[in-house]
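**Q** For reference, the file query_23.pdb (PDB, C-alpha atoms and all ligand atoms) is included below:
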ATOM      1  CA  MET A 199      57.902  -6.851  -6.344
ATOM      2  CA  VAL A 200      55.097  -8.164  -8.551
ATOM      3  CA  ALA A 201      52.954 -10.728  -6.733
ATOM      4  CA  ARG A 202      53.029 -14.213  -8.260
ATOM      5  CA  PRO A 203      49.557 -14.852  -9.738
ATOM      6  CA  TYR A 204      47.361 -17.483  -8.157
ATOM      7  CA  VAL A 205      43.819 -18.810  -8.148
ATOM      8  CA  ILE A 206      41.841 -20.164  -5.204
ATOM      9  CA  ASP A 207      40.212 -23.596  -5.391
ATOM     10  CA  GLU A 208      37.373 -24.165  -2.937
ATOM     11  CA  MET A 209      38.255 -26.816  -0.352
ATOM     12  CA  ILE A 210      35.590 -26.445   2.393
ATOM     13  CA  SER A 211      32.270 -24.755   1.614
ATOM     14  CA  ALA A 212      30.600 -22.145   3.813
ATOM     15  CA  LYS A 213      27.767 -24.632   4.369
ATOM     16  CA  SER A 214      30.118 -27.373   5.602
ATOM     17  CA  ILE A 215      31.811 -24.924   7.959
ATOM     18  CA  ALA A 216      28.455 -23.852   9.425
ATOM     19  CA  ALA A 217      27.361 -27.477   9.912
ATOM     20  CA  ARG A 218      30.641 -28.379  11.617
ATOM     21  CA  ILE A 219      30.414 -25.355  13.931
ATOM     22  CA  GLU A 220      26.965 -26.518  15.037
ATOM     23  CA  GLU A 221      28.389 -29.939  15.970
ATOM     24  CA  LEU A 222      31.407 -28.452  17.748
ATOM     25  CA  CYS A 223      29.252 -26.060  19.773
ATOM     26  CA  LYS A 224      27.147 -28.935  21.111
ATOM     27  CA  GLU A 225      30.336 -30.570  22.409
ATOM     28  CA  ILE A 226      31.682 -27.316  23.861
ATOM     29  CA  GLN A 227      28.337 -26.656  25.561
ATOM     30  CA  SER A 228      28.338 -30.037  27.220
ATOM     31  CA  GLU A 229      31.957 -29.582  28.369
ATOM     32  CA  PHE A 230      31.227 -26.152  29.859
ATOM     33  CA  SER A 231      27.563 -26.692  30.851
ATOM     34  CA  GLU A 232      28.296 -25.701  34.469
ATOM     35  CA  THR A 233      30.266 -22.546  33.702
ATOM     36  CA  ASN A 234      29.116 -19.250  35.136
ATOM     37  CA  LYS A 235      30.944 -17.499  32.274
ATOM     38  CA  LEU A 236      33.285 -18.753  29.563
ATOM     39  CA  VAL A 237      36.088 -16.465  28.340
ATOM     40  CA  VAL A 238      36.386 -17.081  24.590
ATOM     41  CA  VAL A 239      39.855 -15.973  23.478
ATOM     42  CA  GLY A 240      40.343 -15.361  19.750
ATOM     43  CA  LEU A 241      43.859 -15.436  18.326
ATOM     44  CA  LEU A 242      44.171 -12.497  15.980
ATOM     45  CA  ARG A 243      43.883 -12.066  13.206
ATOM     46  CA  GLY A 244      43.013 -15.332  11.454
ATOM     47  CA  SER A 245      40.296 -16.480  13.892
ATOM     48  CA  PHE A 246      38.090 -13.380  13.736
ATOM     49  CA  VAL A 247      35.460 -14.867  11.408
ATOM     50  CA  PHE A 248      35.496 -18.269  13.131
ATOM     51  CA  ILE A 249      35.086 -16.776  16.610
ATOM     52  CA  ALA A 250      32.208 -14.589  15.389
ATOM     53  CA  ASP A 251      30.297 -17.620  14.094
ATOM     54  CA  LEU A 252      31.283 -19.781  17.049
ATOM     55  CA  VAL A 253      30.039 -17.429  19.779
ATOM     56  CA  ARG A 254      26.718 -16.884  17.995
ATOM     57  CA  GLU A 255      26.135 -20.625  17.984
ATOM     58  CA  LEU A 256      27.203 -21.123  21.624
ATOM     59  CA  ASP A 257      24.336 -21.188  24.068
ATOM     60  CA  LEU A 258      26.455 -20.314  27.132
ATOM     61  CA  PRO A 259      27.225 -17.126  29.079
ATOM     62  CA  ILE A 260      30.419 -15.840  27.454
ATOM     63  CA  GLU A 261      32.916 -13.023  27.352
ATOM     64  CA  VAL A 262      35.225 -12.355  24.410
ATOM     65  CA  ASP A 263      38.874 -11.371  24.557
ATOM     66  CA  PHE A 264      41.673 -11.343  21.980
ATOM     67  CA  LEU A 265      45.351 -12.114  21.874
ATOM     68  CA  GLU A 266      47.748 -11.628  18.975
ATOM     69  CA  ALA A 267      50.806 -13.791  18.471
ATOM     70  CA  SER A 268      53.336 -13.399  15.671
ATOM     71  CA  SER A 269      53.068 -16.024  12.951
ATOM     72  CA  TYR A 270      53.721 -16.145   9.216
ATOM     73  CA  GLY A 271      54.255 -12.458   8.585
ATOM     74  CA  ASP A 272      53.556 -11.997   4.893
ATOM     75  CA  GLY A 273      55.037 -15.255   3.663
ATOM     76  CA  MET A 274      54.093 -18.919   3.555
ATOM     77  CA  GLU A 275      56.646 -20.168   6.100
ATOM     78  CA  SER A 276      55.771 -20.634   9.746
ATOM     79  CA  SER A 277      58.129 -18.987  12.210
ATOM     80  CA  ARG A 278      59.196 -21.111  15.143
ATOM     81  CA  GLU A 279      59.666 -18.239  17.524
ATOM     82  CA  VAL A 280      56.305 -17.078  18.908
ATOM     83  CA  ARG A 281      55.982 -13.568  20.288
ATOM     84  CA  ILE A 282      52.944 -12.009  21.951
ATOM     85  CA  LEU A 283      52.099  -8.820  20.042
ATOM     86  CA  LYS A 284      48.877  -8.052  21.911
ATOM     87  CA  ASP A 285      47.927  -9.575  25.242
ATOM     88  CA  LEU A 286      44.489 -10.202  26.773
ATOM     89  CA  ARG A 287      42.631  -7.281  28.332
ATOM     90  CA  GLY A 288      41.246  -9.345  31.191
ATOM     91  CA  ALA A 289      42.673 -11.624  33.891
ATOM     92  CA  ILE A 290      41.843 -15.339  33.515
ATOM     93  CA  GLU A 291      42.856 -16.715  36.918
ATOM     94  CA  GLY A 292      40.127 -19.075  38.150
ATOM     95  CA  ARG A 293      38.126 -18.617  34.918
ATOM     96  CA  ASP A 294      36.947 -21.065  32.243
ATOM     97  CA  VAL A 295      38.786 -20.289  29.013
ATOM     98  CA  LEU A 296      38.408 -21.447  25.414
ATOM     99  CA  VAL A 297      41.218 -20.465  23.015
ATOM    100  CA  VAL A 298      40.100 -20.173  19.387
ATOM    101  CA  GLU A 299      42.624 -20.573  16.571
ATOM    102  CA  ASP A 300      42.270 -20.698  12.787
ATOM    103  CA  ILE A 301      44.915 -23.320  11.906
ATOM    104  CA  VAL A 302      47.291 -25.576  13.800
ATOM    105  CA  ASP A 303      50.244 -26.098  11.486
ATOM    106  CA  THR A 304      53.640 -26.712  13.144
ATOM    107  CA  GLY A 305      51.840 -26.363  16.504
ATOM    108  CA  HIS A 306      54.250 -23.753  17.870
ATOM    109  CA  THR A 307      51.672 -20.948  18.177
ATOM    110  CA  LEU A 308      48.956 -22.770  20.120
ATOM    111  CA  ASN A 309      51.491 -24.702  22.161
ATOM    112  CA  HIS A 310      53.134 -21.452  23.254
ATOM    113  CA  VAL A 311      49.877 -19.558  23.819
ATOM    114  CA  THR A 312      48.170 -22.321  25.818
ATOM    115  CA  GLY A 313      51.373 -22.727  27.900
ATOM    116  CA  LEU A 314      51.369 -19.010  28.647
ATOM    117  CA  LEU A 315      47.661 -18.928  29.533
ATOM    118  CA  LYS A 316      47.962 -22.032  31.749
ATOM    119  CA  SER A 317      50.639 -20.252  33.774
ATOM    120  CA  ARG A 318      47.929 -17.691  34.683
ATOM    121  CA  LEU A 319      46.007 -20.469  36.479
ATOM    122  CA  PRO A 320      42.601 -20.581  34.745
ATOM    123  CA  ALA A 321      40.076 -23.021  36.249
ATOM    124  CA  ARG A 322      39.820 -24.821  32.875
ATOM    125  CA  LEU A 323      41.605 -24.134  29.599
ATOM    126  CA  LYS A 324      40.504 -25.755  26.336
ATOM    127  CA  SER A 325      41.392 -25.005  22.737
ATOM    128  CA  ILE A 326      39.660 -25.245  19.400
ATOM    129  CA  ALA A 327      41.113 -24.910  15.898
ATOM    130  CA  LEU A 328      39.045 -24.692  12.744
ATOM    131  CA  LEU A 329      41.749 -26.443  10.691
ATOM    132  CA  ASP A 330      44.555 -28.834  11.490
ATOM    133  CA  LYS A 331      47.484 -29.809   9.239
ATOM    134  CA  PRO A 332      48.834 -32.790  11.223
ATOM    135  CA  SER A 333      51.526 -33.576   8.634
ATOM    136  CA  GLN A 334      53.268 -30.294   9.464
ATOM    137  CA  ARG A 335      53.524 -30.786  13.218
ATOM    138  CA  GLU A 336      56.846 -29.949  14.884
ATOM    139  CA  VAL A 337      55.692 -29.955  18.505
ATOM    140  CA  ASP A 338      53.363 -32.472  20.112
ATOM    141  CA  PHE A 339      50.169 -30.421  20.304
ATOM    142  CA  LYS A 340      46.537 -31.210  19.570
ATOM    143  CA  ALA A 341      43.629 -28.832  20.076
ATOM    144  CA  ASP A 342      40.774 -30.212  22.189
ATOM    145  CA  TRP A 343      38.437 -29.684  19.218
ATOM    146  CA  THR A 344      39.253 -29.510  15.529
ATOM    147  CA  GLY A 345      36.917 -28.495  12.714
ATOM    148  CA  PHE A 346      38.641 -30.195   9.798
ATOM    149  CA  GLU A 347      41.919 -31.999   9.213
ATOM    150  CA  ILE A 348      43.448 -30.854   5.941
ATOM    151  CA  PRO A 349      46.498 -31.863   3.886
ATOM    152  CA  ASP A 350      49.585 -29.677   3.653
ATOM    153  CA  GLU A 351      48.104 -26.977   1.405
ATOM    154  CA  PHE A 352      48.279 -23.216   1.868
ATOM    155  CA  VAL A 353      44.699 -22.107   2.496
ATOM    156  CA  VAL A 354      42.864 -18.774   2.603
ATOM    157  CA  GLY A 355      39.376 -17.448   3.309
ATOM    158  CA  TYR A 356      36.982 -17.415   6.272
ATOM    159  CA  GLY A 357      39.358 -15.023   8.079
ATOM    160  CA  ILE A 358      42.589 -16.646   6.888
ATOM    161  CA  ASP A 359      44.948 -14.644   4.684
ATOM    162  CA  PHE A 360      47.770 -14.874   2.215
ATOM    163  CA  ALA A 361      49.839 -11.704   2.732
ATOM    164  CA  GLN A 362      46.697 -10.013   4.165
ATOM    165  CA  ARG A 363      44.526 -10.899   1.150
ATOM    166  CA  ASN A 364      41.451 -13.152   0.802
ATOM    167  CA  ARG A 365      40.281 -13.026   4.456
ATOM    168  CA  ASN A 366      36.792 -12.086   3.278
ATOM    169  CA  LEU A 367      36.049 -15.230   1.259
ATOM    170  CA  PRO A 368      33.105 -17.078   2.865
ATOM    171  CA  PHE A 369      34.709 -20.506   2.264
ATOM    172  CA  ILE A 370      38.143 -22.091   2.765
ATOM    173  CA  GLY A 371      40.105 -22.378  -0.455
ATOM    174  CA  LYS A 372      43.581 -23.517  -1.370
ATOM    175  CA  VAL A 373      46.060 -21.302  -3.141
ATOM    176  CA  ARG A 374      47.215 -22.600  -6.536
ATOM    177  CA  PHE A 375      49.911 -20.650  -8.351
ATOM    178  CA  THR A 376      49.290 -20.293 -12.062
ATOM    179  CA  GLU A 377      52.843 -19.433 -13.050
ATOM    180  CA  PRO A 378      56.154 -21.011 -12.081
ATOM    181  CA  GLU A 379      58.314 -19.121  -9.557
TER
HETATM  182  P1  LIG B   1      51.829 -22.823  13.691
HETATM  183  O1  LIG B   1      52.486 -22.059  14.801
HETATM  184  O2  LIG B   1      52.831 -23.324  12.682
HETATM  185  O3  LIG B   1      50.917 -23.922  14.162
HETATM  186  O4  LIG B   1      51.044 -21.784  12.826
HETATM  187  C1  LIG B   1      49.810 -21.342  13.083
HETATM  188  C2  LIG B   1      49.535 -20.060  12.325
HETATM  189  O5  LIG B   1      50.151 -20.053  11.032
HETATM  190  C3  LIG B   1      48.059 -19.940  12.054
HETATM  191  O6  LIG B   1      47.429 -19.244  13.087
HETATM  192  C4  LIG B   1      48.012 -19.153  10.771
HETATM  193  O7  LIG B   1      48.030 -17.784  11.060
HETATM  194  C5  LIG B   1      49.281 -19.502  10.064
HETATM  195  N1  LIG B   1      49.014 -20.489   9.005
HETATM  196  C6  LIG B   1      49.265 -21.817   9.029
HETATM  197  N2  LIG B   1      48.888 -22.409   7.886
HETATM  198  C7  LIG B   1      48.363 -21.420   7.112
HETATM  199  C8  LIG B   1      47.739 -21.420   5.805
HETATM  200  O8  LIG B   1      47.610 -22.435   5.111
HETATM  201  N3  LIG B   1      47.295 -20.208   5.377
HETATM  202  C9  LIG B   1      47.420 -19.057   6.098
HETATM  203  N4  LIG B   1      47.970 -19.029   7.320
HETATM  204  C10 LIG B   1      48.441 -20.201   7.822
END
Produce structure tokens that represent the structure in this file.
Ligand code: IMP
**A**
Amino acid sequence: MVARPYVIDEMISAKSIAARIEELCKEIQSEFSETNKLVVVGLLRGSFVFIADLVRELDLPIEVDFLEASSYGDGMESSREVRILKDLRGAIEGRDVLVVEDIVDTGHTLNHVTGLLKSRLPARLKSIALLDKPSQREVDFKADWTGFEIPDEFVVGYGIDFAQRNRNLPFIGKVRFTEPE
């Protein structure tokens, strides 16, 4: 199959992302100021760039762990059924936990993952998403912190992919097809 050609239009610059992360980290620090150690859980793979920038800006004692849930596969359609492909390495019972996601779209992924992690009885569980597409929501879920609300556009860059491409762009851009389907 020949991939349908597309271009990427910048939507959120690297500079705006960095400035927003600074603001978010101040809020996270005040929420967790008393923690003896915060477990920062990145949802693979889309959050890997975000979590790297986030933890370097966070002035708190932290640990990092990762969890992978199934999502879009290689297409542009969200799947409603969420499966855990890779679980955490560490136990979180009695711990302070921050779940880091790239995008909340239908809400199924973070809703499922936070439900699962809550059942493991952490002391506190909060979530942060870099992007939120509220118009696409199918379940009532809102992350505790959101970087940017965006319209219903398919975006790439800053860790986020389209069929595994474009994760290495330093900014968030929207995909625009240049030829009809
Ligand atoms: P949800 O379960 O529908 O909220 O989907 C969340 C997941 O879908 C995210 O973690 C992304 O992996 C993926 N996703 C949602 N929107 C986009 C997009 O615009 N570009 C790339 N991946 C997306």
**Q** In Å to one decimal, how far is atom P1 of ligand LIG 1 (chain B) from CA of Lys235 (chain A)?
**A**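 That distance, rounded to one decimal, is 28.5 Å.
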**Q** Quick one: pull the distance between CA of Asp285 (chain A) and CA of Val238 (chain A), Å, one decimal.
**A**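 CA of Asp285 (chain A) sits 13.8 Å away from CA of Val238 (chain A).
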**Q** Which residues sit within 9 Å of ligand LIG 1 (chain B), counting all atoms listed in the file, listed as a ChimeraX atom specification?
**A** /A:241-245,267-271,273-280,299-310,327,329-331,334-337,339,350-355,358-361,372-373
**Q** Distance CA of Val295 (chain A)-CA of Lys213 (chain A), one decimal place?
**A**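 Calculated distance between CA of Val295 (chain A) and CA of Lys213 (chain A) is 27.3 Å.
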**Q** Taking the file as I've supplied it (selection: the PyMOL selection byres (((chain A and resi 215-228) around 7) and not hetatm)), which residues are included? Please answer as a PyMOL selection string.
**A** chain A and resi 210-214+229-231+252+255-258+345
**Q** Using 3 Å of padding on each side, determine the axis-aligned box around all atoms of region 246-255 of chain A present in the file and give its centre and edge lengths in Å to one decimal, as JSON.
**A**
{"center_x": 32.1, "center_y": -17.0, "center_z": 15.6, "size_x": 18.0, "size_y": 13.2, "size_z": 14.4}
**Q** Near Glu261 (chain A), counting all atoms listed in the file, which residues have an atom at most 12 Å away, once you skip same-chain residues fewer than 2 positions from it, shown as a ChimeraX atom specification?
**A** /A:233-240,249,253-254,256,258-259,263-264,286-290,293-297
**Q** Would you list the contacts of Asn366 (chain A) as a ChimeraX atom specification, taking every protein, DNA or RNA residue within 7 Å and counting only C-alpha atoms, but skipping same-chain residues closer than 2 positions in sequence?
**A** /A:355-357,364,368
**Q** Compare A:Ser317, A:Gln362, A:Thr312, A:Thr376 by their minimum atom-to-atom distance to Ala341 (chain A), counting only C-alpha atoms, and give me the closest one.
**A** A:Thr312
